[in-house]
$ cat target.cif   # mmCIF, C-alpha atoms
data_coords
loop_
_atom_site.label_atom_id
_atom_site.label_comp_id
_atom_site.auth_asym_id
_atom_site.auth_seq_id
_atom_site.Cartn_x
_atom_site.Cartn_y
_atom_site.Cartn_z
CA MET P 1 135.77 -13.35 79.95
CA SER P 2 136.86 -14.03 76.37
CA ASN P 3 140.27 -13.08 75.00
CA SER P 4 138.67 -10.57 72.60
CA SER P 5 136.86 -8.85 75.53
CA GLU P 6 140.12 -8.66 77.49
CA ALA P 7 141.89 -7.20 74.45
CA THR P 8 139.12 -4.61 74.01
CA MET P 9 139.37 -3.62 77.69
CA GLU P 10 143.15 -3.26 77.42
CA MET P 11 142.83 -1.12 74.27
CA ASN P 12 140.29 1.10 76.05
CA THR P 13 142.70 1.48 78.98
CA VAL P 14 145.48 2.46 76.59
CA SER P 15 143.57 4.80 74.32
CA ASP P 16 141.53 6.89 76.78
CA GLY P 17 144.60 8.02 78.78
CA ARG P 18 142.75 8.00 82.11
CA TRP P 19 144.48 7.36 85.46
CA THR P 20 143.82 3.75 86.53
CA GLN P 21 144.21 1.58 89.61
CA HIS P 22 147.18 -0.05 87.85
CA ASP P 23 148.91 3.37 87.78
CA THR P 24 148.17 4.00 91.47
CA HIS P 25 149.60 0.61 92.46
CA TRP P 26 152.83 1.39 90.62
CA VAL P 27 153.12 4.86 92.20
CA LEU P 28 152.87 3.17 95.62
CA SER P 29 155.42 0.50 94.62
CA LEU P 30 157.97 3.05 93.41
CA PHE P 31 157.32 5.28 96.44
CA GLY P 32 157.87 2.28 98.73
CA THR P 33 161.10 1.37 96.94
CA ALA P 34 162.45 4.91 97.37
CA VAL P 35 161.49 5.44 101.01
CA GLY P 36 163.91 3.14 102.81
CA ALA P 37 165.63 3.47 106.16
CA GLY P 38 167.64 6.38 104.72
CA ILE P 39 164.70 8.72 105.30
CA LEU P 40 165.36 8.51 109.06
CA PHE P 41 168.87 9.92 108.53
CA LEU P 42 168.02 12.34 105.67
CA PRO P 43 166.95 15.27 107.94
CA ILE P 44 170.29 15.04 109.80
CA ASN P 45 172.35 14.82 106.61
CA ILE P 46 170.60 17.72 104.87
CA GLY P 47 169.74 19.87 107.90
CA ILE P 48 173.22 19.92 109.40
CA GLY P 49 174.30 22.78 107.12
CA GLY P 50 171.46 25.08 108.15
CA PHE P 51 168.79 26.90 106.15
CA TRP P 52 170.37 27.61 102.73
CA PRO P 53 171.42 24.05 101.74
CA LEU P 54 167.98 22.85 102.85
CA LEU P 55 166.22 25.45 100.70
CA ILE P 56 168.39 24.87 97.60
CA MET P 57 168.05 21.06 97.84
CA THR P 58 164.27 21.46 98.20
CA VAL P 59 164.17 23.33 94.88
CA LEU P 60 166.43 20.79 93.12
CA ALA P 61 164.95 17.58 94.60
CA PHE P 62 162.09 17.21 92.10
CA PRO P 63 164.05 17.69 88.84
CA MET P 64 166.90 15.50 90.17
CA THR P 65 164.48 12.69 91.03
CA PHE P 66 162.01 12.83 88.14
CA LEU P 67 164.38 13.54 85.23
CA ALA P 68 166.87 10.82 86.24
CA HIS P 69 164.26 8.06 86.65
CA ARG P 70 162.44 9.17 83.49
CA GLY P 71 165.74 8.85 81.59
CA LEU P 72 166.33 5.32 82.89
CA ALA P 73 162.74 4.27 82.02
CA ARG P 74 163.13 5.74 78.50
CA PHE P 75 166.38 3.80 78.13
CA VAL P 76 164.70 0.47 79.04
CA LEU P 77 161.75 1.24 76.73
CA SER P 78 164.06 2.14 73.81
CA SER P 79 164.71 -1.56 73.05
CA LYS P 80 163.38 -3.13 69.85
CA GLN P 81 162.63 -6.31 71.83
CA LYS P 82 159.19 -6.60 73.40
CA ASP P 83 160.20 -8.17 76.74
CA ALA P 84 163.71 -6.73 77.10
CA ASP P 85 164.91 -6.27 80.68
CA PHE P 86 167.78 -4.00 81.72
CA THR P 87 170.43 -6.62 80.81
CA ASP P 88 168.96 -7.11 77.31
CA VAL P 89 168.74 -3.36 76.61
CA VAL P 90 172.31 -2.66 77.76
CA GLU P 91 173.64 -5.49 75.57
CA GLU P 92 171.55 -4.31 72.59
CA HIS P 93 172.86 -0.72 72.77
CA PHE P 94 176.42 -1.15 74.07
CA GLY P 95 177.44 -4.59 72.75
CA ALA P 96 177.80 -7.97 74.49
CA GLY P 97 181.03 -7.26 76.43
CA ALA P 98 180.12 -3.81 77.76
CA GLY P 99 176.55 -4.98 78.30
CA ARG P 100 177.60 -7.80 80.60
CA LEU P 101 179.94 -5.56 82.56
CA ILE P 102 177.25 -2.88 83.09
CA SER P 103 174.69 -5.57 84.01
CA LEU P 104 177.11 -7.05 86.55
CA LEU P 105 177.73 -3.59 88.04
CA TYR P 106 173.95 -3.03 88.14
CA PHE P 107 173.47 -6.24 90.14
CA PHE P 108 176.26 -5.30 92.56
CA SER P 109 174.79 -1.83 93.03
CA ILE P 110 171.53 -3.34 94.32
CA PHE P 111 172.68 -6.53 96.08
CA PRO P 112 174.62 -4.81 98.95
CA ILE P 113 171.50 -2.73 99.70
CA LEU P 114 169.53 -5.96 100.17
CA LEU P 115 172.17 -7.17 102.64
CA ILE P 116 171.95 -3.84 104.51
CA TYR P 117 168.15 -4.09 104.67
CA GLY P 118 168.34 -7.71 105.89
CA VAL P 119 170.53 -6.60 108.80
CA GLY P 120 168.49 -3.43 109.39
CA LEU P 121 165.15 -5.24 109.52
CA THR P 122 166.46 -7.91 111.92
CA ASN P 123 167.94 -5.24 114.24
CA THR P 124 164.75 -3.13 114.14
CA VAL P 125 162.44 -6.04 115.02
CA ASP P 126 164.85 -7.39 117.68
CA SER P 127 165.11 -3.94 119.29
CA PHE P 128 161.31 -3.55 119.26
CA ILE P 129 160.80 -6.97 120.90
CA VAL P 130 163.34 -6.18 123.66
CA ASN P 131 162.77 -2.44 124.31
CA GLN P 132 159.10 -1.86 123.52
CA LEU P 133 157.52 -5.25 124.21
CA GLY P 134 159.84 -6.14 127.09
CA PHE P 135 160.58 -9.71 125.96
CA GLU P 136 163.88 -11.58 125.80
CA SER P 137 165.86 -11.21 122.58
CA PRO P 138 164.86 -14.08 120.26
CA SER P 139 167.31 -16.35 118.43
CA ARG P 140 168.90 -14.16 115.74
CA ILE P 141 169.17 -17.12 113.36
CA LEU P 142 165.46 -17.87 113.68
CA LEU P 143 164.27 -14.24 113.66
CA SER P 144 166.31 -13.20 110.59
CA GLY P 145 165.37 -16.43 108.75
CA VAL P 146 161.64 -15.84 109.30
CA LEU P 147 161.82 -12.14 108.30
CA VAL P 148 163.87 -12.70 105.12
CA ALA P 149 161.79 -15.76 104.12
CA GLY P 150 158.58 -13.76 104.65
CA MET P 151 159.71 -10.93 102.39
CA ILE P 152 160.93 -13.29 99.67
CA ALA P 153 157.62 -15.22 99.87
CA ILE P 154 155.81 -11.99 98.92
CA MET P 155 158.14 -11.65 95.90
CA LEU P 156 157.43 -15.24 94.81
CA GLY P 157 153.68 -14.60 95.03
CA GLY P 158 153.80 -12.69 91.73
CA GLU P 159 153.16 -9.15 90.56
CA LYS P 160 149.61 -8.87 91.96
CA LEU P 161 150.64 -9.95 95.49
CA LEU P 162 153.66 -7.64 95.35
CA LEU P 163 151.57 -4.62 94.34
CA ARG P 164 149.02 -5.47 97.05
CA ALA P 165 151.82 -5.71 99.63
CA PHE P 166 153.12 -2.30 98.58
CA ALA P 167 149.63 -0.81 98.92
CA ILE P 168 149.27 -2.29 102.42
CA LEU P 169 152.71 -1.03 103.49
CA VAL P 170 152.84 2.39 101.84
CA TYR P 171 149.51 3.83 103.06
CA PRO P 172 150.50 3.57 106.76
CA LEU P 173 154.00 4.81 105.91
CA VAL P 174 152.56 7.94 104.25
CA GLY P 175 150.11 8.35 107.14
CA VAL P 176 152.77 8.08 109.86
CA LEU P 177 155.17 10.42 108.00
CA LEU P 178 152.43 13.03 107.61
CA PHE P 179 151.28 12.62 111.23
CA LEU P 180 154.84 12.95 112.61
CA SER P 181 155.53 15.98 110.41
CA LEU P 182 152.44 17.78 111.75
CA TYR P 183 152.95 16.51 115.32
CA LEU P 184 156.33 18.29 115.45
CA VAL P 185 154.96 21.66 114.21
CA PRO P 186 154.46 23.13 117.76
CA ASN P 187 158.19 22.52 118.39
CA TRP P 188 159.33 24.43 115.29
CA GLN P 189 161.99 27.09 115.81
CA MET P 190 162.63 29.40 112.87
CA PRO P 191 166.21 28.86 111.68
CA VAL P 192 168.80 31.61 111.73
CA VAL P 193 169.00 32.99 108.18
CA SER P 194 172.37 34.66 107.60
CA THR P 195 174.36 35.46 104.46
CA PRO P 196 176.11 32.19 103.58
CA ASP P 197 179.80 31.78 102.88
CA VAL P 198 179.78 30.91 99.17
CA ALA P 199 182.78 28.54 99.28
CA SER P 200 181.55 26.47 102.24
CA LEU P 201 177.96 26.47 100.90
CA THR P 202 179.15 25.22 97.50
CA GLU P 203 181.16 22.40 99.09
CA LEU P 204 178.26 21.46 101.38
CA LEU P 205 175.81 21.36 98.44
CA TRP P 206 178.23 19.28 96.35
CA LEU P 207 178.66 16.70 99.12
CA SER P 208 174.87 16.67 99.73
CA VAL P 209 174.00 15.71 96.14
CA PRO P 210 174.52 11.93 96.63
CA ILE P 211 172.46 11.99 99.85
CA VAL P 212 169.48 13.56 98.06
CA VAL P 213 169.91 11.35 94.97
CA PHE P 214 169.88 8.10 96.93
CA SER P 215 167.25 9.14 99.45
CA PHE P 216 164.77 9.43 96.57
CA SER P 217 166.17 6.65 94.36
CA HIS P 218 163.80 3.95 93.07
CA ALA P 219 166.17 2.94 90.25
CA ALA P 220 166.17 -0.74 91.32
CA ALA P 221 162.50 -1.13 90.32
CA ILE P 222 162.57 0.93 87.09
CA SER P 223 163.45 -1.91 84.69
CA SER P 224 160.61 -4.16 85.93
CA PHE P 225 158.28 -1.15 86.05
CA ALA P 226 159.07 -0.13 82.45
CA ASN P 227 158.59 -3.70 81.23
CA VAL P 228 155.16 -3.98 82.86
CA GLN P 229 154.09 -0.65 81.28
CA ARG P 230 155.28 -1.91 77.87
CA ARG P 231 153.08 -5.01 78.21
CA HIS P 232 150.14 -3.09 79.66
CA TYR P 233 150.14 0.11 77.57
CA LYS P 234 151.84 -1.04 74.34
CA SER P 235 152.62 2.04 72.16
CA GLU P 236 151.75 4.48 74.96
CA ALA P 237 154.18 2.93 77.46
CA VAL P 238 156.59 5.90 77.39
CA GLN P 239 153.90 8.53 78.05
CA LYS P 240 152.20 6.47 80.78
CA SER P 241 155.55 5.63 82.43
CA GLU P 242 156.41 9.32 82.54
CA ALA P 243 153.02 10.19 84.08
CA ILE P 244 153.45 7.53 86.79
CA LEU P 245 157.06 8.62 87.49
CA ARG P 246 156.03 12.29 87.68
CA THR P 247 153.29 11.49 90.23
CA THR P 248 155.70 9.31 92.23
CA SER P 249 158.33 12.08 92.32
CA ILE P 250 155.78 14.71 93.44
CA MET P 251 154.49 12.37 96.17
CA LEU P 252 158.04 11.64 97.35
CA ILE P 253 159.05 15.32 97.41
CA VAL P 254 155.91 16.45 99.26
CA PHE P 255 155.85 13.80 101.99
CA VAL P 256 159.57 13.32 102.50
CA LEU P 257 160.52 17.01 102.41
CA LEU P 258 157.65 17.91 104.77
CA PHE P 259 159.08 15.32 107.18
CA VAL P 260 162.62 16.68 106.67
CA PHE P 261 161.56 20.32 107.22
CA SER P 262 159.59 19.40 110.33
CA CYS P 263 162.54 17.52 111.84
CA VAL P 264 165.06 20.22 110.90
CA PHE P 265 162.90 23.04 112.31
CA SER P 266 162.50 21.07 115.55
CA LEU P 267 166.27 20.81 116.12
CA THR P 268 169.20 23.23 116.06
CA PRO P 269 172.26 22.64 113.79
CA GLU P 270 174.23 21.79 116.97
CA GLN P 271 171.70 19.09 117.86
CA MET P 272 171.90 17.79 114.28
CA GLU P 273 175.67 17.53 114.66
CA GLU P 274 175.19 15.68 117.94
CA ALA P 275 172.73 13.24 116.33
CA LYS P 276 175.17 12.62 113.47
CA SER P 277 178.02 11.94 115.92
CA ALA P 278 175.81 9.51 117.87
CA ASN P 279 174.86 7.78 114.57
CA VAL P 280 171.19 7.52 115.56
CA SER P 281 168.11 8.13 113.40
CA VAL P 282 166.33 11.46 113.67
CA LEU P 283 163.31 9.85 115.39
CA SER P 284 165.50 8.25 118.07
CA TYR P 285 167.20 11.58 118.70
CA LEU P 286 163.88 13.51 118.81
CA ALA P 287 162.45 10.97 121.27
CA ASN P 288 165.46 11.50 123.55
CA VAL P 289 165.48 15.32 123.25
CA TYR P 290 161.76 15.72 123.95
CA ASN P 291 161.61 12.70 126.27
CA ASN P 292 158.66 11.48 124.22
CA PRO P 293 157.79 7.74 124.38
CA PHE P 294 155.18 8.27 121.64
CA ILE P 295 157.85 9.22 119.06
CA GLU P 296 160.00 6.40 120.43
CA MET P 297 157.21 3.91 119.62
CA LEU P 298 156.62 5.29 116.12
CA GLY P 299 160.34 5.16 115.23
CA PRO P 300 160.58 1.35 114.95
CA LEU P 301 157.23 1.24 113.09
CA VAL P 302 158.43 3.72 110.43
CA ALA P 303 161.77 1.88 110.15
CA PHE P 304 160.06 -1.51 109.79
CA ILE P 305 157.61 -0.37 107.09
CA ALA P 306 160.24 1.66 105.21
CA ILE P 307 162.83 -1.14 105.21
CA THR P 308 160.29 -3.82 104.20
CA SER P 309 158.80 -1.81 101.30
CA SER P 310 162.24 -0.76 100.05
CA PHE P 311 163.54 -4.34 100.36
CA LEU P 312 160.75 -5.59 98.07
CA GLY P 313 161.53 -3.00 95.39
CA HIS P 314 165.27 -3.68 95.48
CA PHE P 315 164.76 -7.46 95.43
CA LEU P 316 162.72 -6.97 92.25
CA GLY P 317 165.72 -5.33 90.54
CA ALA P 318 168.32 -7.77 91.93
CA ARG P 319 166.27 -10.80 90.87
CA GLU P 320 165.76 -9.50 87.34
CA SER P 321 169.43 -8.59 86.82
CA PHE P 322 170.66 -11.92 88.27
CA ASN P 323 168.36 -13.86 85.92
CA GLY P 324 169.50 -11.82 82.92
CA LEU P 325 173.18 -12.37 83.72
CA ALA P 326 172.81 -16.09 84.49
CA THR P 327 170.89 -16.92 81.29
CA LYS P 328 173.34 -14.98 79.09
CA GLN P 329 176.53 -16.32 80.68
CA THR P 330 175.38 -19.96 80.75
CA SER P 331 172.98 -22.26 78.91
CA MET P 332 170.74 -22.25 81.99
CA SER P 333 166.98 -21.86 81.49
CA TYR P 334 165.24 -18.77 82.89
CA LYS P 335 163.23 -20.86 85.38
CA LEU P 336 166.32 -22.57 86.76
CA ALA P 337 168.25 -19.28 86.94
CA ASP P 338 165.33 -17.71 88.83
CA LYS P 339 165.20 -20.54 91.39
CA LEU P 340 168.98 -20.49 91.92
CA GLY P 341 168.98 -16.68 92.21
CA VAL P 342 166.24 -16.67 94.85
CA VAL P 343 168.00 -19.40 96.89
CA PHE P 344 171.39 -17.64 96.59
CA MET P 345 169.99 -14.26 97.65
CA PHE P 346 167.96 -15.75 100.51
CA VAL P 347 171.03 -17.55 101.94
CA ALA P 348 173.33 -14.52 101.47
CA ILE P 349 170.87 -12.07 103.10
CA TRP P 350 170.11 -14.51 105.94
CA VAL P 351 173.81 -15.17 106.68
CA CYS P 352 174.55 -11.44 106.59
CA ALA P 353 171.60 -10.70 108.93
CA VAL P 354 172.86 -13.34 111.39
CA LEU P 355 176.48 -12.12 111.30
CA ASN P 356 175.45 -8.44 111.63
CA PRO P 357 178.70 -7.16 110.05
CA SER P 358 180.05 -3.61 110.31
CA ILE P 359 181.29 -3.65 106.68
CA LEU P 360 177.91 -2.42 105.42
CA ASP P 361 178.82 1.28 105.20
CA MET P 362 181.71 0.44 102.91
CA MET P 363 179.45 -1.70 100.73
CA GLY P 364 176.98 1.16 100.55
CA ALA P 365 179.79 3.48 99.47
CA ILE P 366 180.71 1.03 96.69
CA SER P 367 177.13 0.66 95.43
CA GLY P 368 176.58 4.45 95.61
CA PRO P 369 178.81 5.55 92.69
CA ILE P 370 177.54 2.62 90.58
CA ILE P 371 173.90 3.66 91.11
CA ALA P 372 174.80 7.24 90.16
CA MET P 373 176.49 6.05 86.96
CA ILE P 374 173.57 3.75 86.00
CA LEU P 375 170.79 6.19 86.97
CA PHE P 376 172.32 9.42 85.64
CA ILE P 377 175.33 8.95 83.38
CA MET P 378 174.58 5.79 81.32
CA PRO P 379 171.06 6.84 80.12
CA THR P 380 172.52 10.24 79.09
CA ILE P 381 175.31 8.57 77.07
CA ALA P 382 172.59 6.41 75.44
CA VAL P 383 170.79 9.59 74.27
CA PHE P 384 173.78 10.33 71.99
CA LYS P 385 174.31 6.70 70.94
CA VAL P 386 170.85 5.15 70.49
CA PRO P 387 168.81 6.35 67.44
CA ALA P 388 165.49 5.96 69.30
CA LEU P 389 166.69 8.33 72.04
CA GLN P 390 168.46 10.97 69.94
CA LYS P 391 165.35 13.17 69.84
CA TYR P 392 166.15 14.04 73.51
CA LYS P 393 169.62 15.43 72.65
CA SER P 394 168.45 19.03 72.55
CA HIS P 395 166.51 18.79 75.86
CA ILE P 396 168.04 20.75 78.74
CA GLY P 397 166.94 17.99 81.15
CA THR P 398 169.41 15.58 79.50
CA TYR P 399 172.36 17.83 80.38
CA PHE P 400 171.01 18.55 83.87
CA VAL P 401 170.87 14.79 84.61
CA LEU P 402 174.43 14.30 83.32
CA PHE P 403 175.70 17.22 85.43
CA VAL P 404 174.01 15.92 88.61
CA GLY P 405 175.37 12.42 87.91
CA LEU P 406 178.93 13.73 87.59
CA LEU P 407 178.50 15.75 90.79
CA ALA P 408 177.17 12.69 92.66
CA VAL P 409 179.95 10.36 91.49
CA SER P 410 182.71 12.92 92.20
CA ALA P 411 181.30 13.70 95.68
CA LEU P 412 181.05 9.99 96.54
CA LEU P 413 184.60 9.31 95.37
CA TYR P 414 185.83 12.37 97.31
CA ASN P 415 184.13 11.05 100.47
CA MET P 416 185.60 7.58 99.98
CA LEU P 417 189.14 8.86 99.40
CA GLY P 418 188.91 11.64 102.00
#
$ encode --input "target.cif" --output "structure tokens"
Amino acid sequence: MSNSSEATMEMNTVSDGRWTQHDTHWVLSLFGTAVGAGILFLPINIGIGGFWPLLIMTVLAFPMTFLAHRGLARFVLSSKQKDADFTDVVEEHFGAGAGRLISLLYFFSIFPILLIYGVGLTNTVDSFIVNQLGFESPSRILLSGVLVAGMIAIMLGGEKLLLRAFAILVYPLVGVLLFLSLYLVPNWQMPVVSTPDVASLTELLWLSVPIVVFSFSHAAAISSFANVQRRHYKSEAVQKSEAILRTTSIMLIVFVLLFVFSCVFSLTPEQMEEAKSANVSVLSYLANVYNNPFIEMLGPLVAFIAITSSFLGHFLGARESFNGLATKQTSMSYKLADKLGVVFMFVAIWVCAVLNPSILDMMGAISGPIIAMILFIMPTIAVFKVPALQKYKSHIGTYFVLFVGLLAVSALLYNMLG
């Protein structure tokens, strides 16, 4: 096909505004990034407070998810540079010094999550081999090395292979989540609906904000996503990005909240408290309560698919931010920075997976407030500072995102200090 034919096809794609396979692939990629291992603990974390927090968080989940990610995508797309990544945009709007600091924080908000997923994936596969397949536990060094190398190999295969991998992973994930949600329906018990104590409900909702924010977060992939839409859709990148993000958020809310409701209605608040104390996922607890080997088998499968898809999305963000930092801080070429970054992250994730450290919760607590600041607070500040974004100053969604961001950061800091 000639270059002029390709250009004509691209212009047709841009101008007619139809939904394309490209859009579907990106919805699946962002969905896969958001649905990590956290989904298996989300029903316990939200459901523990009973009916009212669950209902209120259900109403707020969509605006919290969509408006925050839309703001971050708008921020990345506000650059005057054609191929600007997150690091470039931050430096352009906030200056070189602040830009580098924010970019460094961005990298360290994503990198610990990769370490957590490296450990989580190794433990999930090892447990499956021993408990479900009945084999001896394999060498941890070998198992973790193969798993991490396999996931990074998908990343190195380029955008097309990555999007294909997401499609292969996310369809069964959606299918299993839907199946499990419906499978539990016969076990539903209607919750006790009583007049809530306003003070305790308010505190419970405040402390639940970060859980909901990060259970639906796909912030790590937004910069790469926005850049691809800029190349693909040119002047219509903002509108198309928003359409893709809206569809992703709806898909996340429908499938994840159906799963959460089904799990919560199948257990009492006392059982939720017991599951939280035991620090087990909701599927493991359900399998034990109902003595159901079928749920027990599906648990590792959901965990494996969720961790793998989320790992790929987070690696995308970590790789991009590392490359941006390395090329700006040194005279290193982009290609060399990319190779060094991949090697560094592979070794770090592999070593962490082998060591299986218990420090991961603390690292997650550190990355949590940073994600909240980058996803909610920084894009809102940019609305008042960046001329291209000032048209959003009067939008109520801008203030809602800022308010949720402040709630999330304050709740996380309260939990850390408490």
$ resolve_selection --input "target.cif" --expression "the PyMOL selection byres ((chain P and resi 48) around 9)" --output "list in words"
Pro43, Ile44, Asn45, Ile46, Gly47, Gly49, Gly50, Phe51, Pro53, Leu54, Val264, Thr268, Pro269, Glu270, Gln271, Met272, Glu273 and Lys276 of chain P
$ closest_residue --input "target.cif" --among "P:Val354, P:Val383, P:Ile39, P:Val174" --to "Gly397 (chain P)" --atoms "only C-alpha atoms"
P:Val383
$ closest_residue --input "target.cif" --among "P:Lys391, P:Phe94, P:Val409, P:Val170" --to "Ser367 (chain P)" --atoms "all atoms listed in the file"
P:Val409
$ residues_around --input "target.cif" --residues "Glu136 (chain P)" --least-positions-apart "6" --cutoff "12 Å" --atoms "all atoms listed in the file" --output "JSON list (two decimals) with C-alpha atoms, in the frame of the given file"
[["chain", "number", "residue", "atom", "x", "y", "z"],
["P", 126, "ASP", "CA", 164.85, -7.39, 117.68],
["P", 127, "SER", "CA", 165.11, -3.94, 119.29],
["P", 128, "PHE", "CA", 161.31, -3.55, 119.26],
["P", 129, "ILE", "CA", 160.80, -6.97, 120.90],
["P", 130, "VAL", "CA", 163.34, -6.18, 123.66]]
$ resolve_selection --input "target.cif" --expression "the PyMOL selection byres ((chain P and resi 410-417) around 7)" --output "list in words"
Trp206, Leu207, Pro210, Pro369, Leu406, Leu407, Ala408, Val409 and Gly418 of chain P
$ closest_residue --input "target.cif" --among "P:Ser79, P:His93, P:Asp85, P:Leu115" --to "Pro357 (chain P)" --atoms "all atoms listed in the file"
P:Leu115
$ residues_around --input "target.cif" --residues "Leu60 (chain P)" --least-positions-apart "5" --cutoff "10 Å" --atoms "only C-alpha atoms" --output "PyMOL selection string"
chain P and resi 55+65+209+212
$ atom_distance --input "target.cif" --atom1 "CA of Val125 (chain P)" --atom2 "CA of Val282 (chain P)"
18.0 Å
$ resolve_selection --input "target.cif" --expression "the PyMOL selection byres ((chain P and resi 307) around 10)" --output "list in words"
Gly32, Thr33, Ala34, Val35, Gly36, Ala37, Gly38, Leu114, Ile116, Tyr117, Gly118, Gly120, Leu121, Thr124, Leu301, Val302, Ala303, Phe304, Ile305, Ala306, Thr308, Ser309, Ser310, Phe311 and Leu312 of chain P
$ closest_residue --input "target.cif" --among "P:Met345, P:Leu30, P:Leu257, P:Met64" --to "Thr398 (chain P)" --atoms "only C-alpha atoms"
P:Met64
$ atom_distance --input "target.cif" --atom1 "CA of Phe41 (chain P)" --atom2 "CA of Leu169 (chain P)"
20.2 Å
$ atom_distance --input "target.cif" --atom1 "CA of Ala372 (chain P)" --atom2 "CA of Gly405 (chain P)"
5.7 Å
$ residues_near_point --input "target.cif" --point "(159.4, 29.5, 114.9)" --cutoff "12 Å" --atoms "all atoms listed in the file" --output "list in words"
Leu184, Val185, Pro186, Asn187, Trp188, Gln189, Met190, Pro191, Val192, Ser262, Val264, Phe265, Ser266, Leu267 and Thr268 of chain P
$ write_last_selection --input "target.cif" --atoms "C-alpha atoms" --output "short mmCIF file (atom, residue, chain, number, x, y, z; two decimals), keeping the file's coordinate frame"
data_model
loop_
_atom_site.label_atom_id
_atom_site.label_comp_id
_atom_site.auth_asym_id
_atom_site.auth_seq_id
_atom_site.Cartn_x
_atom_site.Cartn_y
_atom_site.Cartn_z
CA LEU P 184 156.33 18.29 115.45
CA VAL P 185 154.96 21.66 114.21
CA PRO P 186 154.46 23.13 117.76
CA ASN P 187 158.19 22.52 118.39
CA TRP P 188 159.33 24.43 115.29
CA GLN P 189 161.99 27.09 115.81
CA MET P 190 162.63 29.40 112.87
CA PRO P 191 166.21 28.86 111.68
CA VAL P 192 168.80 31.61 111.73
CA SER P 262 159.59 19.40 110.33
CA VAL P 264 165.06 20.22 110.90
CA PHE P 265 162.90 23.04 112.31
CA SER P 266 162.50 21.07 115.55
CA LEU P 267 166.27 20.81 116.12
CA THR P 268 169.20 23.23 116.06
#
$ closest_residue --input "target.cif" --among "P:Leu42, P:Leu173, P:Leu402, P:Ala84" --to "Leu283 (chain P)" --atoms "all atoms listed in the file"
P:Leu42
$ residues_near_point --input "target.cif" --point "(166.7, -5.9, 81.5)" --cutoff "7 Å" --atoms "only C-alpha atoms" --output "number ranges by chain"
P: 84-89, 223, 320-321, 324
$ closest_residue --input "target.cif" --among "P:Gly299, P:Pro112, P:Gly341, P:Gly158" --to "Leu177 (chain P)" --atoms "only C-alpha atoms"
P:Gly299
$ residues_around --input "target.cif" --residues "Lys80 (chain P)" --least-positions-apart "2" --cutoff "10 Å" --atoms "all atoms listed in the file" --output "PyMOL selection string"
chain P and resi 76-78+82-84+89+92+388
$ residues_around --input "target.cif" --residues "Ala149 (chain P)" --least-positions-apart "5" --cutoff "10 Å" --atoms "only C-alpha atoms" --output "PDB file with C-alpha atoms, in the coordinates of the input"
ATOM      1  CA  LEU P 143     164.270 -14.240 113.660  1.00  0.00           C
ATOM      2  CA  SER P 144     166.310 -13.200 110.590  1.00  0.00           C
ATOM      3  CA  ILE P 154     155.810 -11.990  98.920  1.00  0.00           C
ATOM      4  CA  MET P 155     158.140 -11.650  95.900  1.00  0.00           C
ATOM      5  CA  PHE P 346     167.960 -15.750 100.510  1.00  0.00           C
ATOM      6  CA  VAL P 347     171.030 -17.550 101.940  1.00  0.00           C
ATOM      7  CA  ILE P 349     170.870 -12.070 103.100  1.00  0.00           C
ATOM      8  CA  TRP P 350     170.110 -14.510 105.940  1.00  0.00           C
TER       9      TRP P 350
END
$ decode --input "target.cif" --residues "region 347-356 of chain P" --atoms "N, CA and C atoms" --output "PDB file, in the first residue's frame"
ATOM      1  N   VAL P 347      16.206  -7.189  36.233  1.00  0.00           N
ATOM      2  CA  VAL P 347      17.037  -7.681  37.347  1.00  0.00           C
ATOM      3  C   VAL P 347      16.377  -7.368  38.691  1.00  0.00           C
ATOM      4  N   ALA P 348      15.887  -6.112  38.846  1.00  0.00           N
ATOM      5  CA  ALA P 348      15.276  -5.693  40.116  1.00  0.00           C
ATOM      6  C   ALA P 348      14.028  -6.521  40.429  1.00  0.00           C
ATOM      7  N   ILE P 349      13.161  -6.723  39.422  1.00  0.00           N
ATOM      8  CA  ILE P 349      11.920  -7.488  39.635  1.00  0.00           C
ATOM      9  C   ILE P 349      12.250  -8.951  39.924  1.00  0.00           C
ATOM     10  N   TRP P 350      13.223  -9.496  39.205  1.00  0.00           N
ATOM     11  CA  TRP P 350      13.633 -10.897  39.393  1.00  0.00           C
ATOM     12  C   TRP P 350      14.207 -11.110  40.799  1.00  0.00           C
ATOM     13  N   VAL P 351      15.109 -10.233  41.213  1.00  0.00           N
ATOM     14  CA  VAL P 351      15.722 -10.349  42.554  1.00  0.00           C
ATOM     15  C   VAL P 351      14.636 -10.249  43.631  1.00  0.00           C
ATOM     16  N   CYS P 352      13.720  -9.299  43.454  1.00  0.00           N
ATOM     17  CA  CYS P 352      12.649  -9.111  44.430  1.00  0.00           C
ATOM     18  C   CYS P 352      11.742 -10.348  44.495  1.00  0.00           C
ATOM     19  N   ALA P 353      11.442 -10.922  43.322  1.00  0.00           N
ATOM     20  CA  ALA P 353      10.593 -12.125  43.262  1.00  0.00           C
ATOM     21  C   ALA P 353      11.272 -13.310  43.942  1.00  0.00           C
ATOM     22  N   VAL P 354      12.593 -13.408  43.816  1.00  0.00           N
ATOM     23  CA  VAL P 354      13.352 -14.499  44.454  1.00  0.00           C
ATOM     24  C   VAL P 354      13.380 -14.306  45.972  1.00  0.00           C
ATOM     25  N   LEU P 355      13.631 -13.064  46.405  1.00  0.00           N
ATOM     26  CA  LEU P 355      13.757 -12.779  47.843  1.00  0.00           C
ATOM     27  C   LEU P 355      12.413 -12.833  48.576  1.00  0.00           C
ATOM     28  N   ASN P 356      11.311 -12.543  47.847  1.00  0.00           N
ATOM     29  CA  ASN P 356       9.965 -12.589  48.411  1.00  0.00           C
ATOM     30  C   ASN P 356       9.857 -11.763  49.701  1.00  0.00           C
TER      31      ASN P 356
END
